[in-house]
Each structure stands twice: as structure tokens, then as C-alpha cells.
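Input: a single structure, listed below in C-alpha cells.
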Amino acid sequence: MIIKTAEFICSNTDFKKCPNTEISEFAFIGRSNVGKSSLINMLSKNKKLAKISAKPGKTQLINHFLINKEWYLVDLPGYGWAKVSKTKKEKWGDMTKDYLLYRPNLDCVFVLVDSRLEPQRIDLDFISWIGQNGIPFAIIFTKCDKLSKSKVQSSVALFKRTLLKDWEEMPQYFVSSSADGTGGKEILQFIEEVVNS
Ligand code: GDP
């Protein structure tokens, strides 16, 4: 898929106010600082579409972008920040969980995981939760340029072994780098196949 247009549509705190549900939607989520904004900008070939923030947990909104006038890319608030109050965290949970549970046109949630880190409890718990709720998802291992190819492979293998304690098979996954573009083509191809299916 070639991205010809990427337009910001709206930001919401309430999923019921999100735009029409007639077109396919793909959401991106992960721990703060995992590289979500950078990946969205890399995929959309727009350096400014999602803001790359120095302060983790800054984006607390559900952001909709219309891609090629054909599908929505949704930037969800990051989870797992330390410096945010409990009330804010609870608000994040309610808002994001409602969106994930009740958005009828959500075709896939991409859960971003930092390829440099050992499997993190917070990511595993989140993956369990979306799996238990039957929400379609795929995993994206980010920042792979920071590791050698073999280190990326062993990091993914460790994540697989950890997940397979609870899952029968490894979900669809991608390895990406916003710095060198790795994985962009594959992720967009996957989206294109779902949009056209
Ligand atoms: P977000 O909080 O998940 O949206 O993360 P950002 O996209 O703001 O990125 C957090 C930090 O990681 C920034 O300093 C980025 O420049 C850096 N970063 C993000 N993606 C990559 C990547 O693929 N490779 C490298 N080397 N750095 C990255």
C-alpha cells in the first residue's frame, strides 16, 4: 500500500464520539516511549502526524487519522507511565478499554513492544486482556535497529516462549524500526489485505 493522504480527523476521550464506523480501523497502542508516534509517522510518511513526545504519557486522547480516505489509523494513549496520578491511569483504562471493547469497526490493534526489553508484565497482561476479550490484534516489536539481527531474533523468541505459556500459537507479529523503515511495508501490506478482505 502506498500512503497518498493522511489527515488528522479528531481527538476524543469518549469512544462514542469517535467518527463514523463504516470504514476499517487499525489502532496502535503500547507502553509510553515504546516508539508508537515514531512508527505512526514512519507508516504515514509524515514526520508530524503523531507527535513524538519527550514526556511519556502526554497523549491522553483517542486520535483518529484518515489514511487514503480509506481506513482509520487510531493513535491510542500509551500505558504504563510512572508520573501520572492513579485517577488519570484509571481514566486511561476506562476510556481505552471501552474503545477497544465496543468499537465495531476496529479490525486490528497493533500492540507495540520494545524489542530491546525482556517480556514486560504490563505488556503480557494487556495482551492477555485483549485476547480474552476476542479483540483482533498483532504485535509489533519496535526499535529493532538498536539491536543486531540475532539479538532481535532471540528477543522475539523469548517473547514467544513467554506468550506460549498462555497461548496455543504465537499471534501475528512484525519487527519494525522507525529509524530505518524496517517492517513498514509488511505492516501496510497486512492492513491492505484486511481492508480489502
Ligand atoms: P511513544 O511515546 O511510544 O509515542 O514513543 P516515541 O515515538 O515518542 O519515541 C520515544 C523515543 O524513542 C524517541 O526518542 C524516539 O526518537 C525513539 N525511537 C522511536 N522509535 C525508534 C526506532 O525505531 N529506532 C530508534 N533508534 N529510536 C526510536
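As shown in the C-alpha cells, the chain order sets the letters A, B, ...; within each chain, residues go from 1, and ligands are also counted from 1 in the order they appear.
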| task | Give me the residues within 12 Å of Tyr102 (chain A) as number ranges by chain, counting only C-alpha atoms and dropping any in the same chain fewer than 5 places off. | result | A: 14-16, 18, 21, 94-97, 107, 133-135
| field | At most 6 Å from ligand 1 (only C-alpha atoms and all ligand atoms): residue list as a list in words | value | Ser32, Asn33, Val34, Gly35, Lys36, Ser37, Ser38, Ile52, Ser53, Pro56, Thr142, Lys143, Asp145, Lys146, Ser177, Ser178 and Ala179 of chain A
Just the selected residues (N, CA and C atoms), exported as a short mmCIF file (atom, residue, chain, number, x, y, z; two decimals), in the first residue's frame, please.
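Resulting contents of selection32.cif:
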data_model
loop_
_atom_site.label_atom_id
_atom_site.label_comp_id
_atom_site.auth_asym_id
_atom_site.auth_seq_id
_atom_site.Cartn_x
_atom_site.Cartn_y
_atom_site.Cartn_z
N SER A 32 4.30 3.75 27.15
CA SER A 32 4.84 5.05 26.78
C SER A 32 6.30 4.89 26.39
N ASN A 33 6.68 5.61 25.35
CA ASN A 33 8.07 5.62 24.91
C ASN A 33 8.47 4.38 24.08
N VAL A 34 7.50 3.55 23.76
CA VAL A 34 7.80 2.33 23.01
C VAL A 34 8.16 2.65 21.55
N GLY A 35 7.78 3.87 21.12
CA GLY A 35 8.06 4.26 19.73
C GLY A 35 6.80 4.31 18.88
N LYS A 36 5.66 4.50 19.51
CA LYS A 36 4.37 4.48 18.80
C LYS A 36 4.25 5.67 17.84
N SER A 37 4.52 6.87 18.36
CA SER A 37 4.39 8.05 17.49
C SER A 37 5.35 7.95 16.31
N SER A 38 6.57 7.53 16.59
CA SER A 38 7.57 7.41 15.51
C SER A 38 7.10 6.41 14.47
N ILE A 52 5.92 13.26 18.42
CA ILE A 52 6.89 12.46 19.18
C ILE A 52 7.19 13.26 20.44
N SER A 53 6.77 12.69 21.55
CA SER A 53 6.86 13.49 22.76
C SER A 53 8.01 13.03 23.64
N PRO A 56 6.71 11.07 28.54
CA PRO A 56 5.82 9.91 28.42
C PRO A 56 4.43 10.19 28.98
N THR A 142 9.32 -3.05 18.33
CA THR A 142 9.85 -1.77 17.83
C THR A 142 11.36 -1.62 18.07
N LYS A 143 11.91 -0.61 17.43
CA LYS A 143 13.31 -0.16 17.62
C LYS A 143 14.33 -1.26 17.32
N ASP A 145 16.39 -1.52 15.09
CA ASP A 145 17.71 -1.02 14.64
C ASP A 145 18.70 -0.91 15.79
N LYS A 146 18.17 -0.92 17.00
CA LYS A 146 19.07 -0.77 18.15
C LYS A 146 19.73 -2.08 18.55
N SER A 177 11.40 -0.82 12.68
CA SER A 177 12.28 0.27 13.12
C SER A 177 11.83 1.54 12.41
N SER A 178 11.55 2.55 13.18
CA SER A 178 11.17 3.82 12.55
C SER A 178 12.41 4.54 12.05
N ALA A 179 13.56 4.14 12.58
CA ALA A 179 14.80 4.79 12.17
C ALA A 179 15.21 4.36 10.77
#
| query | Pick the closest to Ala157 (chain A) from A:Met1, A:Ser197, A:Glu186, A:Glu118: which is it, counting only C-alpha atoms? | reply |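 Closest residue, counting only C-alpha atoms: A:Glu118.
For the atom pair formed by CA of Pro136 (chain A) and CA of Leu106 (chain A), the distance is 8.1 Å, given to one decimal.
CA of Trp129 (chain A) sits 23.1 Å away from CA of Tyr72 (chain A).
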| message | When DSSP is applied to the backbone of this structure, which of region 6-72 of chain A are assigned strand (DSSP E or B)? Write them out as a ChimeraX atom specification. | response | /A:6-12,25-31,62-67,71-72
Residues of the last selection are to be written out with N, CA and C atoms, as a PDB file, in the first residue's frame.
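Final output, saved to again-v9.pdb:
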ATOM      1  N   ALA A   6      -2.848  11.417   4.458  1.00  0.00           N
ATOM      2  CA  ALA A   6      -3.012  11.108   5.880  1.00  0.00           C
ATOM      3  C   ALA A   6      -3.504  12.386   6.541  1.00  0.00           C
ATOM      4  N   GLU A   7      -4.753  12.366   7.006  1.00  0.00           N
ATOM      5  CA  GLU A   7      -5.338  13.594   7.580  1.00  0.00           C
ATOM      6  C   GLU A   7      -5.755  13.357   9.016  1.00  0.00           C
ATOM      7  N   PHE A   8      -5.468  14.335   9.851  1.00  0.00           N
ATOM      8  CA  PHE A   8      -5.965  14.271  11.219  1.00  0.00           C
ATOM      9  C   PHE A   8      -7.469  14.540  11.184  1.00  0.00           C
ATOM     10  N   ILE A   9      -8.254  13.722  11.858  1.00  0.00           N
ATOM     11  CA  ILE A   9      -9.710  13.913  11.874  1.00  0.00           C
ATOM     12  C   ILE A   9     -10.180  14.480  13.209  1.00  0.00           C
ATOM     13  N   CYS A  10      -9.885  13.793  14.300  1.00  0.00           N
ATOM     14  CA  CYS A  10     -10.356  14.294  15.598  1.00  0.00           C
ATOM     15  C   CYS A  10      -9.670  13.581  16.760  1.00  0.00           C
ATOM     16  N   SER A  11      -9.782  14.203  17.929  1.00  0.00           N
ATOM     17  CA  SER A  11      -9.301  13.601  19.174  1.00  0.00           C
ATOM     18  C   SER A  11     -10.488  13.477  20.110  1.00  0.00           C
ATOM     19  N   ASN A  12     -10.557  12.374  20.843  1.00  0.00           N
ATOM     20  CA  ASN A  12     -11.691  12.163  21.746  1.00  0.00           C
ATOM     21  C   ASN A  12     -11.259  11.529  23.059  1.00  0.00           C
ATOM     22  N   GLU A  25     -10.762   0.121  10.701  1.00  0.00           N
ATOM     23  CA  GLU A  25      -9.972   0.915  11.640  1.00  0.00           C
ATOM     24  C   GLU A  25      -8.849   0.067  12.256  1.00  0.00           C
ATOM     25  N   PHE A  26      -7.678   0.670  12.400  1.00  0.00           N
ATOM     26  CA  PHE A  26      -6.498  -0.012  12.949  1.00  0.00           C
ATOM     27  C   PHE A  26      -5.898   0.871  14.033  1.00  0.00           C
ATOM     28  N   ALA A  27      -5.756   0.311  15.231  1.00  0.00           N
ATOM     29  CA  ALA A  27      -5.293   1.125  16.359  1.00  0.00           C
ATOM     30  C   ALA A  27      -3.883   0.715  16.777  1.00  0.00           C
ATOM     31  N   PHE A  28      -3.159   1.674  17.340  1.00  0.00           N
ATOM     32  CA  PHE A  28      -1.790   1.428  17.808  1.00  0.00           C
ATOM     33  C   PHE A  28      -1.714   1.763  19.286  1.00  0.00           C
ATOM     34  N   ILE A  29      -1.139   0.848  20.043  1.00  0.00           N
ATOM     35  CA  ILE A  29      -1.069   1.047  21.487  1.00  0.00           C
ATOM     36  C   ILE A  29       0.220   0.420  22.024  1.00  0.00           C
ATOM     37  N   GLY A  30       0.663   0.902  23.171  1.00  0.00           N
ATOM     38  CA  GLY A  30       1.859   0.307  23.795  1.00  0.00           C
ATOM     39  C   GLY A  30       2.292   1.139  24.976  1.00  0.00           C
ATOM     40  N   ARG A  31       3.299   0.646  25.655  1.00  0.00           N
ATOM     41  CA  ARG A  31       3.838   1.377  26.785  1.00  0.00           C
ATOM     42  C   ARG A  31       4.381   2.728  26.312  1.00  0.00           C
ATOM     43  N   ILE A  62      -7.909   9.635  22.224  1.00  0.00           N
ATOM     44  CA  ILE A  62      -8.046   8.698  21.107  1.00  0.00           C
ATOM     45  C   ILE A  62      -7.978   9.559  19.841  1.00  0.00           C
ATOM     46  N   ASN A  63      -6.907   9.396  19.072  1.00  0.00           N
ATOM     47  CA  ASN A  63      -6.707  10.254  17.899  1.00  0.00           C
ATOM     48  C   ASN A  63      -6.985   9.492  16.611  1.00  0.00           C
ATOM     49  N   HIS A  64      -7.881  10.041  15.809  1.00  0.00           N
ATOM     50  CA  HIS A  64      -8.211   9.410  14.526  1.00  0.00           C
ATOM     51  C   HIS A  64      -7.540  10.123  13.347  1.00  0.00           C
ATOM     52  N   PHE A  65      -6.914   9.340  12.485  1.00  0.00           N
ATOM     53  CA  PHE A  65      -6.343   9.859  11.237  1.00  0.00           C
ATOM     54  C   PHE A  65      -6.954   9.063  10.096  1.00  0.00           C
ATOM     55  N   LEU A  66      -7.319   9.762   9.027  1.00  0.00           N
ATOM     56  CA  LEU A  66      -7.886   9.077   7.862  1.00  0.00           C
ATOM     57  C   LEU A  66      -6.770   8.874   6.840  1.00  0.00           C
ATOM     58  N   ILE A  67      -6.568   7.611   6.467  1.00  0.00           N
ATOM     59  CA  ILE A  67      -5.483   7.293   5.540  1.00  0.00           C
ATOM     60  C   ILE A  67      -6.073   6.931   4.173  1.00  0.00           C
ATOM     61  N   TRP A  71      -9.178   4.152   5.289  1.00  0.00           N
ATOM     62  CA  TRP A  71      -9.184   3.492   6.610  1.00  0.00           C
ATOM     63  C   TRP A  71      -8.679   4.460   7.677  1.00  0.00           C
ATOM     64  N   TYR A  72      -9.082   4.164   8.911  1.00  0.00           N
ATOM     65  CA  TYR A  72      -8.640   4.998  10.029  1.00  0.00           C
ATOM     66  C   TYR A  72      -7.434   4.387  10.719  1.00  0.00           C
TER      67      TYR A  72
END
| Distance of CA of Cys144 (chain A) from CA of Thr182 (chain A), expressed in Å to one decimal place |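 Computing it gives 8.0 Å between the two atoms.
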| said: Residues within 12 Å of region 165-170 of chain A, please, as a PyMOL selection string. Count only C-alpha atoms; anything in the same chain fewer than 2 positions from it doesn't count. | reply: chain A and resi 124-125+127-129+131-132+137-139+156-163+172-174
Just write the chosen residues, C-alpha atoms, as a PDB file, in the first residue's frame.
ATOM      1  CA  LEU A 124       1.779  -9.535  28.717  1.00  0.00           C
ATOM      2  CA  ASP A 125      -1.205  -8.603  30.893  1.00  0.00           C
ATOM      3  CA  ILE A 127      -2.163  -8.929  25.523  1.00  0.00           C
ATOM      4  CA  SER A 128      -3.973 -11.419  27.778  1.00  0.00           C
ATOM      5  CA  TRP A 129      -6.794  -8.963  28.307  1.00  0.00           C
ATOM      6  CA  GLY A 131      -7.072 -11.932  23.803  1.00  0.00           C
ATOM      7  CA  GLN A 132      -9.621 -12.888  26.444  1.00  0.00           C
ATOM      8  CA  PHE A 137      -4.550  -7.914  17.448  1.00  0.00           C
ATOM      9  CA  ALA A 138      -0.984  -8.214  16.196  1.00  0.00           C
ATOM     10  CA  ILE A 139       2.298  -7.478  17.949  1.00  0.00           C
ATOM     11  CA  VAL A 156      11.290 -12.261  19.763  1.00  0.00           C
ATOM     12  CA  ALA A 157      11.884 -15.934  20.592  1.00  0.00           C
ATOM     13  CA  LEU A 158      11.870 -15.185  24.317  1.00  0.00           C
ATOM     14  CA  PHE A 159       8.645 -13.225  23.968  1.00  0.00           C
ATOM     15  CA  LYS A 160       7.130 -16.139  22.010  1.00  0.00           C
ATOM     16  CA  ARG A 161       8.141 -18.662  24.662  1.00  0.00           C
ATOM     17  CA  THR A 162       6.616 -16.463  27.356  1.00  0.00           C
ATOM     18  CA  LEU A 163       3.370 -15.953  25.443  1.00  0.00           C
ATOM     19  CA  GLN A 172       0.720 -12.392  14.027  1.00  0.00           C
ATOM     20  CA  TYR A 173       3.777 -10.212  14.636  1.00  0.00           C
ATOM     21  CA  PHE A 174       6.072  -7.738  12.903  1.00  0.00           C
TER      22      PHE A 174
END
| request: Could you give me, as an NGL selection string, each residue of region 112-171 of chain A that DSSP assigns to helix (DSSP H, G or I) when run on this structure's backbone? | output: :A and (121-132 or 144-146 or 149-163)
Taking N, CA and C atoms for each residue, export the selection above as a PDB file, in the first residue's frame.
ATOM      1  N   ARG A 121       5.705  -7.471  32.158  1.00  0.00           N
ATOM      2  CA  ARG A 121       4.431  -7.916  32.721  1.00  0.00           C
ATOM      3  C   ARG A 121       3.262  -7.095  32.177  1.00  0.00           C
ATOM      4  N   ILE A 122       3.455  -5.778  32.117  1.00  0.00           N
ATOM      5  CA  ILE A 122       2.360  -4.900  31.696  1.00  0.00           C
ATOM      6  C   ILE A 122       1.908  -5.207  30.255  1.00  0.00           C
ATOM      7  N   ASP A 123       2.871  -5.532  29.386  1.00  0.00           N
ATOM      8  CA  ASP A 123       2.520  -5.876  28.001  1.00  0.00           C
ATOM      9  C   ASP A 123       1.831  -7.243  27.952  1.00  0.00           C
ATOM     10  N   LEU A 124       2.368  -8.183  28.716  1.00  0.00           N
ATOM     11  CA  LEU A 124       1.779  -9.535  28.717  1.00  0.00           C
ATOM     12  C   LEU A 124       0.347  -9.500  29.261  1.00  0.00           C
ATOM     13  N   ASP A 125       0.141  -8.709  30.315  1.00  0.00           N
ATOM     14  CA  ASP A 125      -1.205  -8.603  30.893  1.00  0.00           C
ATOM     15  C   ASP A 125      -2.163  -7.963  29.893  1.00  0.00           C
ATOM     16  N   PHE A 126      -1.674  -6.945  29.206  1.00  0.00           N
ATOM     17  CA  PHE A 126      -2.532  -6.264  28.233  1.00  0.00           C
ATOM     18  C   PHE A 126      -2.899  -7.225  27.093  1.00  0.00           C
ATOM     19  N   ILE A 127      -1.917  -7.970  26.606  1.00  0.00           N
ATOM     20  CA  ILE A 127      -2.163  -8.929  25.523  1.00  0.00           C
ATOM     21  C   ILE A 127      -3.166  -9.993  25.986  1.00  0.00           C
ATOM     22  N   SER A 128      -3.018 -10.438  27.237  1.00  0.00           N
ATOM     23  CA  SER A 128      -3.973 -11.419  27.778  1.00  0.00           C
ATOM     24  C   SER A 128      -5.377 -10.843  27.774  1.00  0.00           C
ATOM     25  N   TRP A 129      -5.472  -9.597  28.212  1.00  0.00           N
ATOM     26  CA  TRP A 129      -6.794  -8.963  28.307  1.00  0.00           C
ATOM     27  C   TRP A 129      -7.444  -8.843  26.929  1.00  0.00           C
ATOM     28  N   ILE A 130      -6.688  -8.380  25.927  1.00  0.00           N
ATOM     29  CA  ILE A 130      -7.338  -8.234  24.615  1.00  0.00           C
ATOM     30  C   ILE A 130      -7.666  -9.606  24.013  1.00  0.00           C
ATOM     31  N   GLY A 131      -6.806 -10.575  24.287  1.00  0.00           N
ATOM     32  CA  GLY A 131      -7.072 -11.932  23.803  1.00  0.00           C
ATOM     33  C   GLY A 131      -8.336 -12.503  24.430  1.00  0.00           C
ATOM     34  N   GLN A 132      -8.438 -12.347  25.743  1.00  0.00           N
ATOM     35  CA  GLN A 132      -9.621 -12.888  26.444  1.00  0.00           C
ATOM     36  C   GLN A 132     -10.901 -12.241  25.954  1.00  0.00           C
ATOM     37  N   CYS A 144      14.029  -2.097  16.311  1.00  0.00           N
ATOM     38  CA  CYS A 144      14.928  -3.229  16.056  1.00  0.00           C
ATOM     39  C   CYS A 144      16.285  -2.769  15.549  1.00  0.00           C
ATOM     40  N   ASP A 145      16.392  -1.518  15.087  1.00  0.00           N
ATOM     41  CA  ASP A 145      17.709  -1.018  14.635  1.00  0.00           C
ATOM     42  C   ASP A 145      18.699  -0.914  15.787  1.00  0.00           C
ATOM     43  N   LYS A 146      18.173  -0.917  17.003  1.00  0.00           N
ATOM     44  CA  LYS A 146      19.069  -0.773  18.150  1.00  0.00           C
ATOM     45  C   LYS A 146      19.733  -2.082  18.552  1.00  0.00           C
ATOM     46  N   LYS A 149      20.727  -8.315  14.346  1.00  0.00           N
ATOM     47  CA  LYS A 149      19.636  -9.188  13.864  1.00  0.00           C
ATOM     48  C   LYS A 149      19.443 -10.395  14.773  1.00  0.00           C
ATOM     49  N   SER A 150      20.553 -10.963  15.232  1.00  0.00           N
ATOM     50  CA  SER A 150      20.428 -12.177  16.055  1.00  0.00           C
ATOM     51  C   SER A 150      19.826 -11.845  17.424  1.00  0.00           C
ATOM     52  N   LYS A 151      20.165 -10.654  17.940  1.00  0.00           N
ATOM     53  CA  LYS A 151      19.581 -10.249  19.232  1.00  0.00           C
ATOM     54  C   LYS A 151      18.068 -10.028  19.084  1.00  0.00           C
ATOM     55  N   VAL A 152      17.665  -9.454  17.950  1.00  0.00           N
ATOM     56  CA  VAL A 152      16.220  -9.252  17.708  1.00  0.00           C
ATOM     57  C   VAL A 152      15.535 -10.616  17.689  1.00  0.00           C
ATOM     58  N   GLN A 153      16.173 -11.556  16.974  1.00  0.00           N
ATOM     59  CA  GLN A 153      15.574 -12.910  16.886  1.00  0.00           C
ATOM     60  C   GLN A 153      15.435 -13.546  18.259  1.00  0.00           C
ATOM     61  N   SER A 154      16.466 -13.400  19.084  1.00  0.00           N
ATOM     62  CA  SER A 154      16.365 -14.066  20.391  1.00  0.00           C
ATOM     63  C   SER A 154      15.374 -13.347  21.294  1.00  0.00           C
ATOM     64  N   SER A 155      15.267 -12.031  21.127  1.00  0.00           N
ATOM     65  CA  SER A 155      14.299 -11.282  21.912  1.00  0.00           C
ATOM     66  C   SER A 155      12.860 -11.697  21.536  1.00  0.00           C
ATOM     67  N   VAL A 156      12.615 -11.831  20.230  1.00  0.00           N
ATOM     68  CA  VAL A 156      11.290 -12.261  19.763  1.00  0.00           C
ATOM     69  C   VAL A 156      11.028 -13.691  20.237  1.00  0.00           C
ATOM     70  N   ALA A 157      12.052 -14.537  20.173  1.00  0.00           N
ATOM     71  CA  ALA A 157      11.884 -15.934  20.592  1.00  0.00           C
ATOM     72  C   ALA A 157      11.536 -16.017  22.078  1.00  0.00           C
ATOM     73  N   LEU A 158      12.173 -15.177  22.887  1.00  0.00           N
ATOM     74  CA  LEU A 158      11.870 -15.185  24.317  1.00  0.00           C
ATOM     75  C   LEU A 158      10.430 -14.728  24.564  1.00  0.00           C
ATOM     76  N   PHE A 159      10.020 -13.715  23.828  1.00  0.00           N
ATOM     77  CA  PHE A 159       8.645 -13.225  23.968  1.00  0.00           C
ATOM     78  C   PHE A 159       7.658 -14.334  23.578  1.00  0.00           C
ATOM     79  N   LYS A 160       7.991 -15.033  22.473  1.00  0.00           N
ATOM     80  CA  LYS A 160       7.130 -16.139  22.010  1.00  0.00           C
ATOM     81  C   LYS A 160       7.018 -17.199  23.085  1.00  0.00           C
ATOM     82  N   ARG A 161       8.167 -17.599  23.638  1.00  0.00           N
ATOM     83  CA  ARG A 161       8.141 -18.662  24.662  1.00  0.00           C
ATOM     84  C   ARG A 161       7.284 -18.236  25.851  1.00  0.00           C
ATOM     85  N   THR A 162       7.388 -16.956  26.213  1.00  0.00           N
ATOM     86  CA  THR A 162       6.616 -16.463  27.356  1.00  0.00           C
ATOM     87  C   THR A 162       5.127 -16.469  27.025  1.00  0.00           C
ATOM     88  N   LEU A 163       4.794 -15.991  25.825  1.00  0.00           N
ATOM     89  CA  LEU A 163       3.370 -15.953  25.443  1.00  0.00           C
ATOM     90  C   LEU A 163       2.788 -17.357  25.308  1.00  0.00           C
TER      91      LEU A 163
END
| Counting only C-alpha atoms, which of A:Leu73, A:Leu112, A:Leu39, A:Leu147 gets nearest to Val195 (chain A)? | A:Leu73
